[in-house]
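Content type PDB, C-alpha atoms, from the file entry06.pdb:
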MODEL        1
ATOM      1  CA  MET A 198      -4.724 -18.914 -11.876
ATOM      2  CA  GLY A 199      -4.754 -19.455 -15.600
ATOM      3  CA  ASN A 200      -6.418 -18.740 -18.918
ATOM      4  CA  ASP A 201      -8.217 -22.078 -19.282
ATOM      5  CA  PRO A 202     -11.405 -22.382 -17.177
ATOM      6  CA  LYS A 203     -11.098 -26.174 -17.341
ATOM      7  CA  LYS A 204      -7.695 -26.066 -15.625
ATOM      8  CA  SER A 205      -8.070 -23.075 -13.297
ATOM      9  CA  VAL A 206     -10.695 -21.320 -11.210
ATOM     10  CA  LEU A 207      -9.227 -17.808 -11.552
ATOM     11  CA  ASN A 208      -7.826 -15.793 -14.428
ATOM     12  CA  LYS A 209      -4.611 -13.749 -14.204
ATOM     13  CA  TRP A 210      -6.470 -10.925 -12.425
ATOM     14  CA  ASN A 211      -7.765 -13.290  -9.683
ATOM     15  CA  GLN A 212     -11.223 -13.005 -11.240
ATOM     16  CA  THR A 213     -13.301 -16.174 -11.337
ATOM     17  CA  HIS A 214     -14.014 -17.649 -14.748
ATOM     18  CA  ASP A 215     -17.637 -18.409 -13.825
ATOM     19  CA  VAL A 216     -18.661 -15.177 -12.071
ATOM     20  CA  LYS A 217     -17.079 -12.199 -13.853
ATOM     21  CA  ASN A 218     -17.606  -9.652 -11.063
ATOM     22  CA  LEU A 219     -16.066 -11.887  -8.373
ATOM     23  CA  LEU A 220     -12.405 -11.384  -7.505
ATOM     24  CA  VAL A 221     -10.522 -13.467  -4.942
ATOM     25  CA  VAL A 222      -8.129 -11.182  -3.075
ATOM     26  CA  ASP A 223      -6.896 -13.380  -0.251
ATOM     27  CA  GLY A 224      -4.848 -16.536   0.199
ATOM     28  CA  ALA A 225      -7.618 -18.711  -1.247
ATOM     29  CA  SER A 226      -6.010 -18.319  -4.678
ATOM     30  CA  PHE A 227      -3.065 -20.480  -3.546
ATOM     31  CA  VAL A 228      -3.382 -24.143  -4.461
ATOM     32  CA  THR A 229      -0.809 -25.292  -1.906
ATOM     33  CA  ALA A 230       0.568 -24.015   1.382
ATOM     34  CA  GLY A 231       4.197 -23.067   1.687
ATOM     35  CA  TRP A 232       6.399 -22.758   4.734
ATOM     36  CA  GLN A 233       7.110 -19.042   4.294
ATOM     37  CA  ASN A 234       4.870 -16.113   5.252
ATOM     38  CA  PRO A 235       2.599 -15.303   2.260
ATOM     39  CA  THR A 236       1.477 -11.847   3.449
ATOM     40  CA  MET A 237       3.442  -9.785   0.907
ATOM     41  CA  THR A 238       2.431 -12.070  -1.971
ATOM     42  CA  ILE A 239      -1.238 -11.824  -0.990
ATOM     43  CA  LEU A 240      -0.880  -8.045  -0.737
ATOM     44  CA  ALA A 241       0.725  -7.808  -4.188
ATOM     45  CA  LEU A 242      -1.930 -10.011  -5.814
ATOM     46  CA  SER A 243      -4.705  -8.047  -4.092
ATOM     47  CA  MET A 244      -3.296  -4.705  -5.215
ATOM     48  CA  ARG A 245      -2.909  -5.973  -8.774
ATOM     49  CA  ALA A 246      -6.502  -7.256  -8.845
ATOM     50  CA  SER A 247      -7.805  -4.010  -7.305
ATOM     51  CA  GLU A 248      -5.993  -1.857  -9.867
ATOM     52  CA  HIS A 249      -7.424  -3.988 -12.677
ATOM     53  CA  LEU A 250     -10.908  -3.734 -11.174
ATOM     54  CA  ALA A 251     -10.663   0.072 -10.893
ATOM     55  CA  GLU A 252      -9.524   0.286 -14.514
ATOM     56  CA  GLU A 253     -12.411  -1.905 -15.717
ATOM     57  CA  ILE A 254     -14.915   0.163 -13.731
ATOM     58  CA  SER A 255     -13.559   3.418 -15.200
ATOM     59  CA  LYS A 256     -13.925   1.941 -18.709
ATOM     60  CA  GLY A 257     -17.511   0.965 -17.912
ATOM     61  CA  ASN A 258     -16.863  -2.755 -18.382
ATOM     62  CA  ILE A 259     -17.986  -3.563 -14.824
ATOM     63  CA  SER A 260     -20.852  -1.805 -13.091
TER      64      SER A 260
ENDMDL
END
As structure tokens, what does this structure read like?
Amino acid sequence: MGNDPKKSVLNKWNQTHDVKNLLVVDGASFVTAGWQNPTMTILALSMRASEHLAEEISKGNIS
């Protein structure tokens, strides 16, 4: 995740830089695999992305 599309695939909301209405809300946003269980991190990132998506829809920015 990052602000620069040349250095990252997703922005800070797990939204792709290329396809604005596409959010990645699973472990695919991780660039490496760790040894610990990532379930809670995936859940937190998914909730954060979902809350942002709901806010953008209510503002009319995403249809």
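Coordinates place CA of Ile254 (chain A) at a distance of 27.3 Å from CA of Lys204 (chain A).
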Close residues, Gly224 (chain A) itself excluded, 12 Å, only C-alpha atoms, min 3 positions apart in chain, as an NGL selection string
:A and (211 or 220-221 or 227-231 or 234-243)
What does the distance from CA of Trp232 (chain A) to CA of His249 (chain A) come to in Å, to one decimal?
29.1 Å
Can you give me, as an NGL selection string, the residues this file yields under the PyMOL selection byres ((chain A and resi 209) around 12)?
:A and (198-202 or 205-208 or 210-214 or 220-222 or 226 or 242-243 or 245-246 or 249)
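The space separating CA of Ile259 (chain A) from CA of Leu219 (chain A) comes to 10.7 Å.
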Six-sided padding of 8 Å per side, axis-aligned box over region 247-258 of chain A, centre and edges in Å, one decimal, as AutoDock Vina command-line options:
--center_x -11.8 --center_y -0.3 --center_z -13.0 --size_x 27.5 --size_y 23.4 --size_z 27.4
